[in-house]
>>> print(open('work.cif').read())   # mmCIF, C-alpha atoms
data_coords
#
loop_
_atom_site.label_atom_id
_atom_site.label_comp_id
_atom_site.auth_asym_id
_atom_site.auth_seq_id
_atom_site.Cartn_x
_atom_site.Cartn_y
_atom_site.Cartn_z
CA MET A 380 2.68 -13.36 17.89
CA VAL A 381 -0.30 -13.36 15.55
CA PHE A 382 -2.76 -10.56 16.21
CA HIS A 383 -6.09 -11.43 17.78
CA PRO A 384 -8.92 -8.87 17.93
CA ASP A 385 -9.33 -9.24 21.71
CA GLN A 386 -5.80 -7.94 22.22
CA LYS A 387 -6.94 -4.49 21.04
CA ARG A 388 -3.58 -3.75 19.45
CA ARG A 389 -3.81 -0.99 16.87
CA PHE A 390 -1.68 1.69 15.23
CA ILE A 391 -2.42 5.40 14.90
CA PRO A 392 -3.61 5.88 11.29
CA LEU A 393 -1.28 7.76 8.95
CA GLU A 394 -2.35 11.07 7.45
CA SER A 395 -2.74 11.00 3.67
CA ASN A 396 0.28 13.21 3.15
CA PRO A 397 3.27 12.46 0.89
CA GLU A 398 5.67 14.09 3.35
CA VAL A 399 4.49 11.76 6.11
CA PHE A 400 4.78 8.71 3.87
CA THR A 401 8.21 9.79 2.65
CA GLU A 402 9.46 10.25 6.20
CA LEU A 403 8.33 6.74 7.06
CA ILE A 404 10.09 5.01 4.16
CA GLN A 405 13.24 7.05 4.71
CA ASN A 406 13.20 6.09 8.40
CA LEU A 407 13.27 2.50 7.12
CA GLY A 408 16.33 3.25 4.97
CA SER A 409 14.80 3.91 1.54
CA GLN A 410 16.52 7.26 1.00
CA GLY A 411 16.30 7.09 -2.80
CA LEU A 412 12.49 7.15 -2.93
CA LYS A 413 9.71 9.55 -2.02
CA PHE A 414 5.95 9.93 -2.36
CA GLN A 415 4.27 12.64 -4.40
CA ASP A 416 0.63 13.70 -4.72
CA VAL A 417 -1.22 12.88 -7.94
CA TYR A 418 -3.85 15.61 -8.25
CA SER A 419 -5.84 14.13 -11.15
CA VAL A 420 -6.20 10.90 -13.10
CA ASP A 421 -7.61 12.73 -16.15
CA ASP A 422 -5.99 16.17 -16.46
CA SER A 423 -2.83 15.85 -18.58
CA GLU A 424 -1.42 19.11 -17.24
CA LEU A 425 -1.72 18.01 -13.62
CA LEU A 426 -0.42 14.53 -14.47
CA GLY A 427 2.59 16.24 -16.01
CA LEU A 428 3.56 17.53 -12.57
CA VAL A 429 4.29 14.00 -11.37
CA GLU A 430 7.94 12.95 -11.59
CA ARG A 431 8.67 9.88 -13.66
CA PRO A 432 9.15 7.00 -13.53
CA VAL A 433 6.41 6.10 -11.08
CA HIS A 434 7.22 2.82 -9.34
CA SER A 435 3.84 2.21 -7.68
CA LEU A 436 0.70 3.98 -6.51
CA VAL A 437 -0.94 4.34 -3.10
CA PHE A 438 -4.69 4.91 -3.30
CA ILE A 439 -6.82 6.31 -0.47
CA TYR A 440 -10.57 5.75 -0.57
CA PRO A 441 -13.61 5.29 1.72
CA GLY A 442 -13.42 1.98 3.55
CA ASP A 443 -17.16 1.53 3.10
CA SER A 444 -17.01 2.01 -0.68
CA LYS A 445 -18.98 -0.40 -2.86
CA ALA A 446 -15.78 -1.74 -4.43
CA GLU A 447 -14.25 -2.50 -1.03
CA LEU A 448 -17.34 -4.20 0.35
CA ASP A 449 -17.79 -6.30 -2.80
CA LYS A 450 -14.17 -7.49 -2.75
CA LYS A 451 -14.29 -8.33 0.96
CA SER A 452 -17.40 -10.42 0.35
CA ILE A 453 -15.66 -12.36 -2.42
CA ALA A 454 -12.51 -12.82 -0.32
CA GLN A 455 -14.46 -14.32 2.57
CA GLY A 456 -15.72 -17.11 0.33
CA SER A 457 -12.39 -17.99 -1.31
CA GLU A 458 -9.58 -20.33 -0.34
CA PRO A 459 -6.90 -18.76 1.91
CA TYR A 460 -3.96 -17.28 0.01
CA MET A 461 -0.84 -19.28 0.88
CA LEU A 462 1.78 -18.41 -1.76
CA SER A 463 5.28 -17.27 -0.86
CA GLY A 464 8.75 -16.79 -2.34
CA ASP A 465 9.25 -17.43 -6.05
CA ALA A 466 5.66 -18.66 -6.42
CA GLU A 467 4.33 -15.12 -5.95
CA ASN A 468 3.97 -12.64 -8.78
CA ALA A 469 3.50 -9.90 -6.18
CA ILE A 470 4.60 -9.91 -2.54
CA TRP A 471 1.52 -9.55 -0.32
CA PHE A 472 0.99 -8.94 3.40
CA ARG A 473 -2.24 -9.68 5.25
CA GLN A 474 -3.31 -6.81 7.51
CA THR A 475 -3.63 -7.98 11.11
CA ILE A 476 -3.35 -4.65 12.96
CA PRO A 477 -6.17 -2.06 12.82
CA GLY A 478 -5.10 1.45 11.90
CA ALA A 479 -2.01 0.27 9.99
CA CYS A 480 -3.46 0.11 6.46
CA GLY A 481 -1.23 3.02 5.39
CA LEU A 482 1.85 1.09 6.49
CA TYR A 483 0.67 -2.04 4.67
CA ALA A 484 0.16 0.03 1.50
CA ILE A 485 3.73 1.30 1.86
CA LEU A 486 5.05 -2.25 2.32
CA HIS A 487 3.28 -3.35 -0.85
CA ALA A 488 4.48 -0.30 -2.80
CA LEU A 489 8.11 -0.83 -1.76
CA SER A 490 8.20 -4.62 -2.02
CA ASN A 491 7.17 -4.94 -5.66
CA GLY A 492 8.16 -3.77 -9.12
CA SER A 493 11.07 -1.43 -9.74
CA ALA A 494 10.94 0.04 -6.21
CA ARG A 495 12.13 -3.21 -4.71
CA LYS A 496 15.42 -2.94 -6.60
CA MET A 497 16.08 0.43 -4.97
CA ILE A 498 15.94 -0.78 -1.36
CA PRO A 499 19.47 -0.65 0.12
CA SER A 500 20.67 -4.09 1.20
CA SER A 501 21.80 -2.72 4.56
CA SER A 502 18.46 -1.08 5.41
CA ALA A 503 16.00 -2.14 8.09
CA PHE A 504 13.35 -2.64 5.44
CA ASP A 505 15.52 -4.96 3.35
CA GLN A 506 16.23 -7.10 6.41
CA PHE A 507 12.51 -7.27 7.14
CA LEU A 508 11.68 -8.15 3.53
CA GLN A 509 14.30 -10.88 3.25
CA GLU A 510 12.90 -12.51 6.36
CA CYS A 511 9.32 -12.31 5.06
CA ILE A 512 9.66 -13.39 1.42
CA PRO A 513 10.03 -17.16 2.09
CA LEU A 514 7.08 -17.17 4.50
CA ALA A 515 3.37 -17.68 3.92
CA PRO A 516 1.04 -14.83 5.04
CA ASP A 517 0.68 -16.04 8.64
CA GLY A 518 4.45 -16.18 9.05
CA ARG A 519 4.81 -12.72 7.56
CA ALA A 520 2.23 -11.41 10.01
CA GLU A 521 4.29 -12.75 12.90
CA VAL A 522 7.43 -11.02 11.57
CA PHE A 523 5.49 -7.79 11.06
CA GLU A 524 4.07 -7.79 14.57
CA ALA A 525 7.48 -8.52 16.10
CA SER A 526 9.26 -5.76 14.16
CA THR A 527 10.21 -2.84 16.40
CA ALA A 528 11.75 -1.06 13.39
CA LEU A 529 8.39 -0.97 11.56
CA GLU A 530 6.45 0.06 14.65
CA GLU A 531 8.89 2.85 15.55
CA ALA A 532 9.01 4.20 11.99
CA HIS A 533 5.22 4.16 11.80
CA SER A 534 4.80 5.84 15.21
CA LYS A 535 7.17 8.69 14.31
CA ALA A 536 5.44 9.31 10.98
CA ALA A 537 1.93 9.08 12.44
CA LEU A 538 2.69 12.02 14.75
CA GLN A 539 3.61 14.24 11.80
CA GLY A 540 1.30 15.93 9.30
CA CYS A 541 -1.10 18.85 9.25
CA THR A 542 -3.89 17.40 11.39
CA PRO A 543 -3.68 16.07 14.97
CA PRO A 544 -3.48 12.26 14.96
CA PRO A 545 -6.41 10.42 16.53
CA SER A 546 -5.88 8.61 19.81
CA LEU A 547 -5.70 4.84 19.81
CA GLU A 548 -9.02 4.77 21.69
CA GLU A 549 -10.91 6.63 18.94
CA ASP A 550 -12.86 4.77 16.28
CA GLN A 551 -10.76 4.07 13.22
CA PRO A 552 -11.35 6.54 10.37
CA PRO A 553 -13.44 5.34 7.42
CA ALA A 554 -10.64 5.84 4.87
CA HIS A 555 -8.58 2.88 3.68
CA TYR A 556 -5.28 2.55 1.80
CA CYS A 557 -4.26 0.11 -0.89
CA ALA A 558 -1.42 -0.01 -3.41
CA PHE A 559 -1.28 -0.68 -7.14
CA VAL A 560 1.95 -2.38 -8.19
CA ARG A 561 3.62 -4.12 -11.11
CA GLY A 562 4.00 -7.85 -10.61
CA LYS A 563 6.84 -10.03 -11.87
CA ASP A 564 4.56 -11.00 -14.76
CA ASN A 565 4.01 -7.29 -15.64
CA HIS A 566 0.37 -7.49 -14.55
CA ILE A 567 -1.03 -4.68 -12.40
CA TYR A 568 -2.08 -5.91 -8.96
CA GLU A 569 -4.24 -4.27 -6.34
CA MET A 570 -2.57 -4.88 -2.98
CA ASN A 571 -4.99 -4.68 -0.06
CA GLY A 572 -4.16 -6.33 3.25
CA ASN A 573 -7.87 -6.79 4.01
CA LEU A 574 -8.42 -9.04 1.00
CA ASN A 575 -7.21 -12.56 0.28
CA GLY A 576 -3.96 -12.04 -1.58
CA PRO A 577 -2.94 -9.86 -4.55
CA LEU A 578 -5.82 -8.96 -6.85
CA ASP A 579 -4.81 -9.27 -10.51
CA LYS A 580 -6.54 -6.42 -12.37
CA GLY A 581 -6.17 -8.19 -15.71
CA VAL A 582 -4.05 -5.37 -17.13
CA VAL A 583 -0.57 -5.97 -18.55
CA ILE A 584 1.97 -3.18 -18.99
CA SER A 585 5.20 -3.28 -20.97
CA GLU A 586 8.70 -3.03 -19.53
CA HIS A 587 8.86 0.53 -20.87
CA GLU A 588 5.66 1.70 -19.14
CA ASP A 589 5.57 2.91 -15.55
CA MET A 590 2.73 2.87 -13.03
CA LEU A 591 1.33 6.21 -14.21
CA CYS A 592 0.86 5.02 -17.77
CA GLU A 593 -2.60 5.20 -19.32
CA LYS A 594 -3.32 1.54 -18.51
CA ALA A 595 -2.52 2.04 -14.83
CA LEU A 596 -4.59 5.22 -14.67
CA GLY A 597 -7.45 3.28 -16.23
CA VAL A 598 -7.37 0.82 -13.31
CA VAL A 599 -7.70 3.69 -10.82
CA ARG A 600 -10.48 5.36 -12.85
CA LYS A 601 -12.46 2.11 -12.95
CA PHE A 602 -12.22 1.81 -9.16
CA ILE A 603 -13.59 5.35 -8.76
CA GLN A 604 -16.36 4.80 -11.30
CA LEU A 605 -17.72 1.86 -9.29
CA GLU A 606 -19.07 4.37 -6.80
CA GLU A 607 -21.81 5.23 -9.32
CA GLY A 608 -21.90 8.97 -8.72
CA LYS A 609 -21.71 8.90 -4.92
CA ASN A 610 -18.73 11.28 -5.21
CA PRO A 611 -16.72 9.95 -2.27
CA SER A 612 -13.31 11.31 -1.37
CA PHE A 613 -10.36 9.70 -3.14
CA SER A 614 -6.69 10.63 -3.25
CA LEU A 615 -3.64 9.17 -4.92
CA MET A 616 0.10 9.22 -4.26
CA ALA A 617 2.94 8.08 -6.50
CA LEU A 618 6.19 6.47 -5.37
CA VAL A 619 8.99 8.16 -7.33
CA ASN A 620 12.75 8.68 -7.18
CA SER A 621 14.08 11.11 -4.62
CA THR A 622 16.84 13.59 -5.50
CA PHE A 623 17.74 14.50 -1.92
#
>>> encode(input="work.cif", output="structure tokens")
Amino acid sequence: MVFHPDQKRRFIPLESNPEVFTELIQNLGSQGLKFQDVYSVDDSELLGLVERPVHSLVFIYPGDSKAELDKKSIAQGSEPYMLSGDAENAIWFRQTIPGACGLYAILHALSNGSARKMIPSSSAFDQFLQECIPLAPDGRAEVFEASTALEEAHSKAALQGCTPPPSLEEDQPPAHYCAFVRGKDNHIYEMNGNLNGPLDKGVVISEHEDMLCEKALGVVRKFIQLEEGKNPSFSLMALVNSTF
């Protein structure tokens, strides 16, 4: 079933909390991975606290930011993204459910780059991914919306955290999530389910560089700098190996 706005289906938004995100991916069977806060994109001492290698990044930013509005405007005027399978450099999911942008960011972070190789073949997430990969975005949306495993994992995680979750009737919070991932071509892609496919940032990293290398940090800094001194709230999480 493809989502239609009049159906009013929506998920409780996830708190920007690495423990919440980690619980969600581990509920889906990815026990070897976890999320960790990145407290700065400039301070070498704080960056040194992040475990390496970093497989991908999840970025949280105001949904009404200039960068987001500009990209949505461009996406509305472009041809629909229809790639799938081997034709894709990065596996992308279109967001069709309000309130679920955190889950879509997780899907993008897990489905691409080195993280994808760490998904157990017997896990619920691997089964979901194998079903989705051959499909175009509309088909993937149908699989997503029919997945009880994804919905249950999201619901459990959304009830955790340090702040009470909003009700489904409340207006959706202004924050939005996206992921930065390594594509098969070693380009860095911005993965945002509200856009029209993966957004190639025009930055290439080597096989020996991870997603917290200087080039990747430069992509995040550029995003922040587009706000032109408005000083909005941003936060960043890294997907890293788990030792427990």
>>> resolve_selection(input="work.cif", expression="the PyMOL selection byres ((chain A and resi 491) around 12)", output="VMD selection string")
chain A and resid 434 to 436 467 to 472 484 to 490 492 to 498 508 512 558 to 570 577 590 618
>>> resolve_selection(input="work.cif", expression="the PyMOL selection byres ((chain A and resi 518) around 12)", output="ChimeraX atom specification")
/A:380-382,461-463,471-473,475,510-517,519-525
>>> write_last_selection(input="work.cif", atoms="C-alpha atoms", output="short mmCIF file (atom, residue, chain, number, x, y, z; two decimals), in the frame of the given file")
data_model
loop_
_atom_site.label_atom_id
_atom_site.label_comp_id
_atom_site.auth_asym_id
_atom_site.auth_seq_id
_atom_site.Cartn_x
_atom_site.Cartn_y
_atom_site.Cartn_z
CA MET A 380 2.68 -13.36 17.89
CA VAL A 381 -0.30 -13.36 15.55
CA PHE A 382 -2.76 -10.56 16.21
CA MET A 461 -0.84 -19.28 0.88
CA LEU A 462 1.78 -18.41 -1.76
CA SER A 463 5.28 -17.27 -0.86
CA TRP A 471 1.52 -9.55 -0.32
CA PHE A 472 0.99 -8.94 3.40
CA ARG A 473 -2.24 -9.68 5.25
CA THR A 475 -3.63 -7.98 11.11
CA GLU A 510 12.90 -12.51 6.36
CA CYS A 511 9.32 -12.31 5.06
CA ILE A 512 9.66 -13.39 1.42
CA PRO A 513 10.03 -17.16 2.09
CA LEU A 514 7.08 -17.17 4.50
CA ALA A 515 3.37 -17.68 3.92
CA PRO A 516 1.04 -14.83 5.04
CA ASP A 517 0.68 -16.04 8.64
CA ARG A 519 4.81 -12.72 7.56
CA ALA A 520 2.23 -11.41 10.01
CA GLU A 521 4.29 -12.75 12.90
CA VAL A 522 7.43 -11.02 11.57
CA PHE A 523 5.49 -7.79 11.06
CA GLU A 524 4.07 -7.79 14.57
CA ALA A 525 7.48 -8.52 16.10
#
>>> closest_residue(input="work.cif", among="A:Asn571, A:Thr527, A:Gln539, A:Ser501", to="Ser409 of chain A", atoms="all atoms listed in the file")
A:Ser501
>>> closest_residue(input="work.cif", among="A:Ala536, A:Val417, A:Leu407, A:Leu591", to="Ile439 of chain A", atoms="all atoms listed in the file")
A:Val417
>>> residues_around(input="work.cif", residues="Arg389 of chain A", least_positions_apart="6", cutoff="9 Å", atoms="all atoms listed in the file", output="JSON, numbers by chain")
{"A": [476, 477, 478, 479, 547]}
>>> write_last_selection(input="work.cif", atoms="C-alpha atoms", output="PDB file, in the coordinates of the input")
ATOM      1  CA  ILE A 476      -3.350  -4.650  12.960  1.00  0.00           C
ATOM      2  CA  PRO A 477      -6.170  -2.060  12.820  1.00  0.00           C
ATOM      3  CA  GLY A 478      -5.100   1.450  11.900  1.00  0.00           C
ATOM      4  CA  ALA A 479      -2.010   0.270   9.990  1.00  0.00           C
ATOM      5  CA  LEU A 547      -5.700   4.840  19.810  1.00  0.00           C
TER       6      LEU A 547
END
